[in-house]
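One structure is given below, encoded as structure tokens.
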Amino acid sequence: MANTLRALLNRLRWDRAAGEETVVLDVHVREHDETRTREIPFDQVVEISGFGVTLVDGTLLPFHRVLAVRSARHLLWRREGSAER
């Protein structure tokens with residue numbers, strides 16, 4: 001799962017044709033003892049590692065928190081068992 005997600009994110013980052021659309025990550029976050037889904041614009045990702053992604057503010061977001069990757073027109077990837085938005 002993580003390898004597939006990582007491969008997709010790297011393709012979006014480095015393949016000009018793949019990265020032309022606006023892409024967002026739907027992520028599972030905990031804030032103030034509350035769990036919810038938040039959209040993170042892909043342009044906020046500065047590093048993609050074997051463990052997860054690092055955002056411009058220094059936040060490390062593990063792959064297991066990513067629920068889906070979406071473009072303006074398509075669902076590009078969704079974690080098995082996640083509800084479609």
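Numbering starts fresh at 1 for the residues of each chain in the structure tokens, the chains themselves are lettered A, B, ... in the order given, and ligands are numbered from 1 as they appear.
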Name the residues in contact with range 58-73 of chain A at a cut-off of 6 Å, using only C-alpha atoms, excluding same-chain residues fewer than 6 positions from it; report them as a PyMOL selection string.
chain A and resi 22-28+51-52+79
- Task: Identify, on the basis of only C-alpha atoms, every residue whose closest approach to Gly50 in chain A does not exceed 12 Å; exclude the query and any residue fewer than 3 positions from it along the same chain; express the result as a ChimeraX atom specification.
- Result: /A:1-7,9-10,47,53-54,60-64
Taken to one decimal, the CA of Trp14 in chain A-CA of Glu39 in chain A distance is 21.2 Å
Within 8 Å of Val29 in chain A, counting only C-alpha atoms, which residues qualify if same-chain residues fewer than 3 places away don't, as a short mmCIF file (atom, residue, chain, number, x, y, z; two decimals) with C-alpha atoms, in the first residue's frame?
```
data_model
loop_
_atom_site.label_atom_id
_atom_site.label_comp_id
_atom_site.auth_asym_id
_atom_site.auth_seq_id
_atom_site.Cartn_x
_atom_site.Cartn_y
_atom_site.Cartn_z
CA THR A 35 -10.07 13.08 14.84
CA ARG A 36 -11.18 14.35 11.45
CA THR A 37 -10.33 14.40 7.73
CA ARG A 38 -8.41 17.37 6.36
CA ARG A 65 -2.72 8.85 7.70
#
```
For the structure I just gave you, how does DSSP split chain A - specifically, which residues are strand (DSSP E or B)? Reply as a PyMOL selection string. chain A and resi 23-31+34-41+45-48+52-55+60-62+66-71+75-78
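Reported to one decimal place, the separation of CA of Arg78 in chain A from CA of Glu34 in chain A is 22.3 Å.
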Excluding Gln44 in chain A and any residue of its chain fewer than 3 positions from it, enumerate the residues within 9 Å of it, using only C-alpha atoms, and give them as a PDB file with N, CA and C atoms, in the first residue's frame.
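Okay, this is what ended up in result.pdb:
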```
ATOM      1  N   ILE A  40      -5.071  18.435   2.347  1.00  0.00           N
ATOM      2  CA  ILE A  40      -3.750  19.051   2.274  1.00  0.00           C
ATOM      3  C   ILE A  40      -3.411  19.223   0.799  1.00  0.00           C
ATOM      4  N   PRO A  41      -3.222  20.449   0.315  1.00  0.00           N
ATOM      5  CA  PRO A  41      -2.818  20.633  -1.078  1.00  0.00           C
ATOM      6  C   PRO A  41      -1.461  19.958  -1.319  1.00  0.00           C
ATOM      7  N   THR A  54       6.753  15.033   4.102  1.00  0.00           N
ATOM      8  CA  THR A  54       7.024  16.191   4.947  1.00  0.00           C
ATOM      9  C   THR A  54       6.396  17.400   4.277  1.00  0.00           C
ATOM     10  N   LEU A  55       5.683  18.189   5.071  1.00  0.00           N
ATOM     11  CA  LEU A  55       5.016  19.387   4.565  1.00  0.00           C
ATOM     12  C   LEU A  55       5.913  20.607   4.739  1.00  0.00           C
ATOM     13  N   VAL A  56       5.567  21.703   4.073  1.00  0.00           N
ATOM     14  CA  VAL A  56       6.386  22.918   4.125  1.00  0.00           C
ATOM     15  C   VAL A  56       6.562  23.443   5.543  1.00  0.00           C
ATOM     16  N   ASP A  57       5.620  23.178   6.425  1.00  0.00           N
ATOM     17  CA  ASP A  57       5.752  23.659   7.811  1.00  0.00           C
ATOM     18  C   ASP A  57       6.558  22.707   8.692  1.00  0.00           C
TER      19      ASP A  57
END
```
Pairwise distance, CA of Ser49 in chain A with CA of Leu76 in chain A, equals 19.4 Å
- From chain A, collect each residue whose DSSP state is alpha helix (DSSP H) and return the set as a count of residues only. 13
